[in-house]
Amino acid sequence: MHPPIDASIFKAYDIRGIVDRTLTAEAVRAIGAALGSEAAARGQREIAVGRDGRLSGPRLRDALTDGIRSAGIAVVDIGMVTTPMLYFSTFHLGTGSGVSITGSHNPPEYNGLKLVLAGAALYGEGLQKLRERIVAGDLVRASESGALRSADVTGAYIERIAGDVKLARKMKIAIDCGNGVAGAFAPRLFRALGCDVIELFCEVDGTFPNHHPDPAHPENLQDLIRCLRETDAELGLAFDGDGDRLGVVTKDGRIIWPDRQMMLFAQGVLAEVPGAEVIFDVKCSRKLAQVIRAHGGRPTMWRTGHSLIKAKLAETGAPLAGEMSGHIFFKHRWYGFDDGLYAGARLLELLSRTADPSGTLNALPDAVSTPELHVKTAEGENFTLVERLKREARFEGATEIITIDGVRVEYPDGFGLARPSNTTPVVVLRFEADDARGLERIQSDFRRALLAVKPDAKLPF
């Protein structure tokens with residue numbers, strides 16, 4: 001009988017916890033057994049397993065592998081890889097199923113699992129089903145353990161990208177991997193594309209001694225900004241801890257956030273797939289939809305969360321999707337999964353056609369906006385608070401109210417967003433307008449609406 005498992009590790013998009021506290025080796029073994037049982041029920045025979053550079057990776061891999069094999073399912077161990085390389089292996093090795101053991105951009109004491117079963121990401125209810133299997137003891141116990149083999153997909157992965165992505169000229173770039181697992185592969189990939197590469201923190205080190213491997217926060221991009229100022233590199237790329245998100249910095253130290261990266265990607269894809277649909281999440285700039293329309297595409301706003309965007313991409317057949325956190329999904333010339341290194345390669349392909357990549361990026365439509373702001377709430381209160389906003393709030397001068405994921409209020413000159421985070425007990429806010437005055441007006445409209453439903457809210461704006 002498996003010991004009780006901490007329910008808190010089953011998040012909206014993946015499994016995540018503190019190693020040896022909430023995420024124990026026993027829990028990971030049980031999850032492996034449940035995944036193996038689910039795989040058997042769906043006629044799957046083999047699961048690829050990869051891990052990032054965290055110190056707990058090898059131990060958790062052993063536990064996961066034991067669990068999967070106990071259900072009679074074979075495992076192919078692809079070693080230390082980025083999460084996208086694990087996704088790639090499910091196609092390249094033909095397994096269709098895989099698990100990346102990764103804590104992504106979380107602190108060193110964390111680890112987790114991102115799962116793909118029969119070609120689709122397991123998230124939300126799919127993860128809860130695994131938990132229910134464990135609790136109910138509904139596990140296949142095979143008379144013979146599944147086979148175990150190892151494979152190296154690095155060469156095939158780099159060849160696949162270098163065979164497809166062609167730069168118009170040689171470029172000199174700086175890359176910052178924040179000591180995450182991307183450091184083992186990004187320098188080699190970009191050199192294979194013909195780049196001259198300056199490496200920052202590309203030694204894989206699960207203690208992350210330099211800065212947090214999360215390009216969504218400006219403080220983690222300061223070393224890269226400094227490097228661009230002090231060298232002759234023309235562009236900077238940064239990757240998160242497991243390599244599925246991209247950060248971009250220009251020569252003059254400006255950060256090009258993912259919604260603006262998407263403007264360039266959309267232009268590139270729509271030039272080759274006229275009239276195509278492009279998907280993005282509710283946190284993105286309203287300028288993105290305008291750029292997509294201007295280039296003949298069909299903009300589709302969707303819910304935040306890499307698993308949700310991936311599912312929408314699969315459902316619609318759109319060639320491109322992206323979200324504000326930095327997950328960019330190419331179905332055009334690629335497999336439809338999020339990959340920071342591949343997105344970086346596609347970015348360089350577009351920018352290599354211009355003599356001034358930073359000028360091209362800085363010229364993308366921009367607006368006055370806030371970073372992501374958080375209102376702390378009690379556990380679960382973030383959902384009820386946003387539900388009340390949906391029902392009760394009146395927004396002055398709004399042209400449209402979008403409720404697919406929280407409340408996004410469109411105004412003639414900007415937008416405001418309040419959505420419950422699926423991973424922490426906060427309400428996520430974001431504001432954008434054409435100018436500072438518009439931003440202040442939209443924020444005061446939201447301030448009034450939020451305080452009406454939660455008078456004691458500590459608002460960060």
# chains A, B, ... in the order shown; residues from 1 in each chain; ligands from 1
>>> residues_around(residues="A:Lys11", least_positions_apart="2", cutoff="10 Å", atoms="only C-alpha atoms", output="list in words")
Ala7, Ser8, Ile9, Tyr13, Asp14, Ile15, Arg16, Gly17, Gly112, Tyr123, Gly124, Leu127, Gln128, Asn422, Thr423 and Thr424 of chain A
>>> select_by_dssp(residues="stretch 97-220 of chain A", states="strand (DSSP E or B)", output="number ranges by chain")
A: 98-101, 110-117, 120-121, 148-150, 172-176, 196-200
>>> write_last_selection(atoms="N, CA, C and O atoms", output="compact mmCIF listing (two decimals), in the first residue's frame")
# COMPACT_ATOMS: atom_id res chain seq x y z
N GLY A 98 5.83 10.91 -22.17
CA GLY A 98 7.10 11.24 -21.53
C GLY A 98 6.90 12.05 -20.26
O GLY A 98 5.83 12.63 -20.04
N VAL A 99 7.92 12.05 -19.41
CA VAL A 99 7.90 12.84 -18.18
C VAL A 99 9.22 13.61 -18.07
O VAL A 99 10.29 13.05 -18.19
N SER A 100 9.08 14.92 -17.83
CA SER A 100 10.26 15.74 -17.52
C SER A 100 10.27 15.97 -16.02
O SER A 100 9.30 16.48 -15.46
N ILE A 101 11.36 15.56 -15.38
CA ILE A 101 11.52 15.80 -13.93
C ILE A 101 12.19 17.16 -13.80
O ILE A 101 13.38 17.30 -14.09
N TYR A 110 13.01 22.84 -4.73
CA TYR A 110 11.82 22.33 -5.42
C TYR A 110 12.21 21.35 -6.53
O TYR A 110 13.30 21.39 -7.07
N ASN A 111 11.26 20.48 -6.86
CA ASN A 111 11.33 19.72 -8.10
C ASN A 111 9.90 19.37 -8.48
O ASN A 111 8.96 19.72 -7.75
N GLY A 112 9.74 18.74 -9.62
CA GLY A 112 8.38 18.44 -10.06
C GLY A 112 8.38 17.58 -11.30
O GLY A 112 9.43 17.09 -11.74
N LEU A 113 7.18 17.40 -11.87
CA LEU A 113 7.01 16.56 -13.05
C LEU A 113 6.10 17.27 -14.05
O LEU A 113 5.05 17.79 -13.69
N LYS A 114 6.52 17.29 -15.33
CA LYS A 114 5.65 17.72 -16.43
C LYS A 114 5.39 16.46 -17.25
O LYS A 114 6.35 15.78 -17.65
N LEU A 115 4.13 16.16 -17.51
CA LEU A 115 3.77 14.86 -18.09
C LEU A 115 3.06 14.99 -19.42
O LEU A 115 2.19 15.85 -19.60
N VAL A 116 3.42 14.09 -20.34
CA VAL A 116 2.73 13.96 -21.63
C VAL A 116 2.32 12.50 -21.76
O VAL A 116 3.15 11.60 -21.59
N LEU A 117 1.04 12.27 -22.05
CA LEU A 117 0.56 10.90 -22.20
C LEU A 117 -0.17 10.78 -23.53
O LEU A 117 -1.08 11.57 -23.81
N ALA A 120 -0.59 14.05 -25.54
CA ALA A 120 -1.23 15.25 -24.98
C ALA A 120 -0.71 15.53 -23.57
O ALA A 120 -0.43 14.60 -22.81
N ALA A 121 -0.58 16.82 -23.25
CA ALA A 121 -0.13 17.20 -21.91
C ALA A 121 -1.17 16.77 -20.88
O ALA A 121 -2.38 16.92 -21.10
N LEU A 148 13.92 -1.36 -19.42
CA LEU A 148 14.56 -0.06 -19.23
C LEU A 148 15.71 0.06 -20.23
O LEU A 148 16.55 -0.83 -20.32
N ARG A 149 15.72 1.16 -20.99
CA ARG A 149 16.85 1.41 -21.88
C ARG A 149 17.18 2.90 -21.82
O ARG A 149 16.42 3.69 -21.29
N SER A 150 18.34 3.27 -22.34
CA SER A 150 18.65 4.70 -22.37
C SER A 150 18.89 5.12 -23.82
O SER A 150 19.22 4.31 -24.68
N LYS A 172 26.37 37.69 -33.70
CA LYS A 172 27.05 37.50 -32.42
C LYS A 172 26.03 37.75 -31.31
O LYS A 172 25.43 38.83 -31.24
N ILE A 173 25.81 36.76 -30.48
CA ILE A 173 24.79 36.85 -29.44
C ILE A 173 25.37 36.49 -28.07
O ILE A 173 26.41 35.83 -27.98
N ALA A 174 24.70 36.95 -27.03
CA ALA A 174 25.03 36.53 -25.67
C ALA A 174 23.86 35.70 -25.16
O ALA A 174 22.69 36.04 -25.43
N ILE A 175 24.15 34.60 -24.48
CA ILE A 175 23.07 33.80 -23.90
C ILE A 175 23.31 33.59 -22.41
O ILE A 175 24.42 33.32 -21.98
N ASP A 176 22.23 33.73 -21.65
CA ASP A 176 22.27 33.55 -20.19
C ASP A 176 21.33 32.42 -19.82
O ASP A 176 20.12 32.52 -20.00
N ASP A 196 28.14 33.40 -33.31
CA ASP A 196 29.27 33.59 -32.40
C ASP A 196 28.61 33.80 -31.03
O ASP A 196 27.77 34.69 -30.89
N VAL A 197 28.94 32.96 -30.04
CA VAL A 197 28.19 32.95 -28.78
C VAL A 197 29.04 33.34 -27.58
O VAL A 197 30.11 32.77 -27.36
N ILE A 198 28.56 34.32 -26.81
CA ILE A 198 29.14 34.63 -25.50
C ILE A 198 28.27 33.93 -24.47
O ILE A 198 27.05 34.14 -24.43
N GLU A 199 28.89 33.10 -23.63
CA GLU A 199 28.11 32.31 -22.66
C GLU A 199 28.11 32.96 -21.28
O GLU A 199 29.17 33.32 -20.75
N LEU A 200 26.93 33.09 -20.69
CA LEU A 200 26.79 33.51 -19.30
C LEU A 200 26.11 32.40 -18.51
O LEU A 200 25.01 31.97 -18.88
>>> closest_residue(among="A:Gly57, A:Pro274, A:Leu228, A:Lys454", to="A:Glu392", atoms="only C-alpha atoms")
A:Lys454
>>> residues_around(residues="A:Ser37", least_positions_apart="3", cutoff="7 Å", atoms="only C-alpha atoms", output="mmCIF file with C-alpha atoms, in the first residue's frame")
data_model
loop_
_atom_site.group_PDB
_atom_site.id
_atom_site.type_symbol
_atom_site.label_atom_id
_atom_site.label_comp_id
_atom_site.auth_asym_id
_atom_site.auth_seq_id
_atom_site.Cartn_x
_atom_site.Cartn_y
_atom_site.Cartn_z
ATOM 1 C CA ALA A 33 2.876 3.584 -10.852
ATOM 2 C CA ALA A 34 -0.321 5.580 -11.514
ATOM 3 C CA ALA A 40 -1.474 0.697 -19.922
ATOM 4 C CA ALA A 41 -5.181 1.597 -19.975
ATOM 5 C CA ALA A 71 2.933 -1.373 -14.182
ATOM 6 C CA LEU A 139 -2.773 0.415 -9.909
ATOM 7 C CA VAL A 140 -1.652 -2.222 -12.392
#
>>> atom_distance(atom1="atom CA of A:Arg245", atom2="atom CA of A:Thr22")
25.7 Å
>>> select_by_dssp(residues="stretch 78-154 of chain A", states="helix (DSSP H, G or I)", output="list in words")
Thr83, Pro84, Met85, Leu86, Tyr87, Phe88, Ser89, Thr90, Phe91, His92, Glu125, Gly126, Leu127, Gln128, Lys129, Leu130, Arg131, Glu132, Arg133, Ile134, Val135, Ala136 and Thr154 of chain A
>>> atom_distance(atom1="atom CA of A:Pro4", atom2="atom CA of A:Asp138")
14.1 Å
>>> residues_around(residues="A:Glu349", least_positions_apart="3", cutoff="8 Å", atoms="only C-alpha atoms", output="VMD selection string")
chain A and resid 165 to 168 345 to 346 352 to 353
>>> write_last_selection(atoms="C-alpha atoms", output="PDB file, in the first residue's frame")
ATOM      1  CA  VAL A 165      16.265  27.217 -39.263  1.00  0.00           C
ATOM      2  CA  LYS A 166      18.559  29.211 -41.567  1.00  0.00           C
ATOM      3  CA  LEU A 167      20.160  32.518 -40.597  1.00  0.00           C
ATOM      4  CA  ALA A 168      20.677  35.070 -43.403  1.00  0.00           C
ATOM      5  CA  ALA A 345      16.404  30.128 -33.147  1.00  0.00           C
ATOM      6  CA  ARG A 346      13.278  31.319 -35.001  1.00  0.00           C
ATOM      7  CA  SER A 352      19.327  37.949 -39.242  1.00  0.00           C
ATOM      8  CA  ARG A 353      17.584  39.467 -42.285  1.00  0.00           C
TER       9      ARG A 353
END
>>> closest_residue(among="A:Ala367, A:Ala355, A:Ala418, A:Val153", to="A:Ala433", atoms="only C-alpha atoms")
A:Ala367
>>> closest_residue(among="A:Val427, A:Ala321, A:Leu55, A:Ile47", to="A:Thr207", atoms="only C-alpha atoms")
A:Leu55
>>> decode(residues="stretch 289-351 of chain A", atoms="C-alpha atoms", output="PDB file, in the first residue's frame")
ATOM      1  CA  ALA A 289      -4.138  41.400 -31.727  1.00  0.00           C
ATOM      2  CA  GLN A 290      -3.815  44.610 -33.770  1.00  0.00           C
ATOM      3  CA  VAL A 291      -0.525  43.409 -35.323  1.00  0.00           C
ATOM      4  CA  ILE A 292      -2.011  39.962 -36.097  1.00  0.00           C
ATOM      5  CA  ARG A 293      -5.034  41.576 -37.818  1.00  0.00           C
ATOM      6  CA  ALA A 294      -2.827  44.054 -39.708  1.00  0.00           C
ATOM      7  CA  HIS A 295      -0.909  41.102 -41.192  1.00  0.00           C
ATOM      8  CA  GLY A 296      -4.083  39.271 -42.218  1.00  0.00           C
ATOM      9  CA  GLY A 297      -4.202  36.831 -39.294  1.00  0.00           C
ATOM     10  CA  ARG A 298      -6.992  35.874 -36.888  1.00  0.00           C
ATOM     11  CA  PRO A 299      -6.201  36.697 -33.236  1.00  0.00           C
ATOM     12  CA  THR A 300      -7.595  34.335 -30.572  1.00  0.00           C
ATOM     13  CA  MET A 301      -7.324  35.295 -26.900  1.00  0.00           C
ATOM     14  CA  TRP A 302      -7.255  32.312 -24.527  1.00  0.00           C
ATOM     15  CA  ARG A 303      -6.752  31.335 -20.901  1.00  0.00           C
ATOM     16  CA  THR A 304      -3.319  31.625 -19.249  1.00  0.00           C
ATOM     17  CA  GLY A 305      -1.379  28.383 -18.622  1.00  0.00           C
ATOM     18  CA  HIS A 306       1.020  26.533 -20.907  1.00  0.00           C
ATOM     19  CA  SER A 307      -1.041  23.319 -20.799  1.00  0.00           C
ATOM     20  CA  LEU A 308      -4.258  25.213 -21.649  1.00  0.00           C
ATOM     21  CA  ILE A 309      -2.617  27.081 -24.547  1.00  0.00           C
ATOM     22  CA  LYS A 310      -1.117  23.804 -25.822  1.00  0.00           C
ATOM     23  CA  ALA A 311      -4.539  22.125 -25.736  1.00  0.00           C
ATOM     24  CA  LYS A 312      -6.117  25.086 -27.604  1.00  0.00           C
ATOM     25  CA  LEU A 313      -3.355  24.907 -30.214  1.00  0.00           C
ATOM     26  CA  ALA A 314      -4.023  21.195 -30.759  1.00  0.00           C
ATOM     27  CA  GLU A 315      -7.782  21.809 -30.992  1.00  0.00           C
ATOM     28  CA  THR A 316      -7.550  24.689 -33.517  1.00  0.00           C
ATOM     29  CA  GLY A 317      -4.556  23.623 -35.602  1.00  0.00           C
ATOM     30  CA  ALA A 318      -3.185  27.187 -35.334  1.00  0.00           C
ATOM     31  CA  PRO A 319       0.463  27.470 -36.462  1.00  0.00           C
ATOM     32  CA  LEU A 320       1.535  29.736 -33.566  1.00  0.00           C
ATOM     33  CA  ALA A 321       0.624  30.437 -29.948  1.00  0.00           C
ATOM     34  CA  GLY A 322       2.286  32.192 -27.063  1.00  0.00           C
ATOM     35  CA  GLU A 323       1.772  33.529 -23.587  1.00  0.00           C
ATOM     36  CA  MET A 324       3.096  36.408 -21.540  1.00  0.00           C
ATOM     37  CA  SER A 325       5.150  34.105 -19.291  1.00  0.00           C
ATOM     38  CA  GLY A 326       7.461  33.275 -22.216  1.00  0.00           C
ATOM     39  CA  HIS A 327       6.058  29.939 -23.435  1.00  0.00           C
ATOM     40  CA  ILE A 328       6.024  30.177 -27.261  1.00  0.00           C
ATOM     41  CA  PHE A 329       4.469  27.341 -29.293  1.00  0.00           C
ATOM     42  CA  PHE A 330       5.300  26.803 -32.970  1.00  0.00           C
ATOM     43  CA  LYS A 331       3.204  24.289 -34.886  1.00  0.00           C
ATOM     44  CA  HIS A 332       4.543  25.859 -38.087  1.00  0.00           C
ATOM     45  CA  ARG A 333       7.686  23.845 -39.039  1.00  0.00           C
ATOM     46  CA  TRP A 334       7.784  22.344 -35.500  1.00  0.00           C
ATOM     47  CA  TYR A 335       5.739  20.076 -33.228  1.00  0.00           C
ATOM     48  CA  GLY A 336       3.471  22.509 -31.367  1.00  0.00           C
ATOM     49  CA  PHE A 337       5.185  22.326 -27.974  1.00  0.00           C
ATOM     50  CA  ASP A 338       6.793  25.253 -26.122  1.00  0.00           C
ATOM     51  CA  ASP A 339      10.558  25.443 -26.549  1.00  0.00           C
ATOM     52  CA  GLY A 340      12.677  28.444 -25.534  1.00  0.00           C
ATOM     53  CA  LEU A 341      15.704  27.346 -27.559  1.00  0.00           C
ATOM     54  CA  TYR A 342      13.669  26.748 -30.722  1.00  0.00           C
ATOM     55  CA  ALA A 343      11.844  30.085 -30.265  1.00  0.00           C
ATOM     56  CA  GLY A 344      15.268  31.753 -29.896  1.00  0.00           C
ATOM     57  CA  ALA A 345      16.404  30.128 -33.147  1.00  0.00           C
ATOM     58  CA  ARG A 346      13.278  31.319 -35.001  1.00  0.00           C
ATOM     59  CA  LEU A 347      13.808  34.825 -33.597  1.00  0.00           C
ATOM     60  CA  LEU A 348      17.380  34.917 -34.924  1.00  0.00           C
ATOM     61  CA  GLU A 349      16.197  33.631 -38.316  1.00  0.00           C
ATOM     62  CA  LEU A 350      13.878  36.662 -38.617  1.00  0.00           C
ATOM     63  CA  LEU A 351      16.367  39.176 -37.165  1.00  0.00           C
TER      64      LEU A 351
END
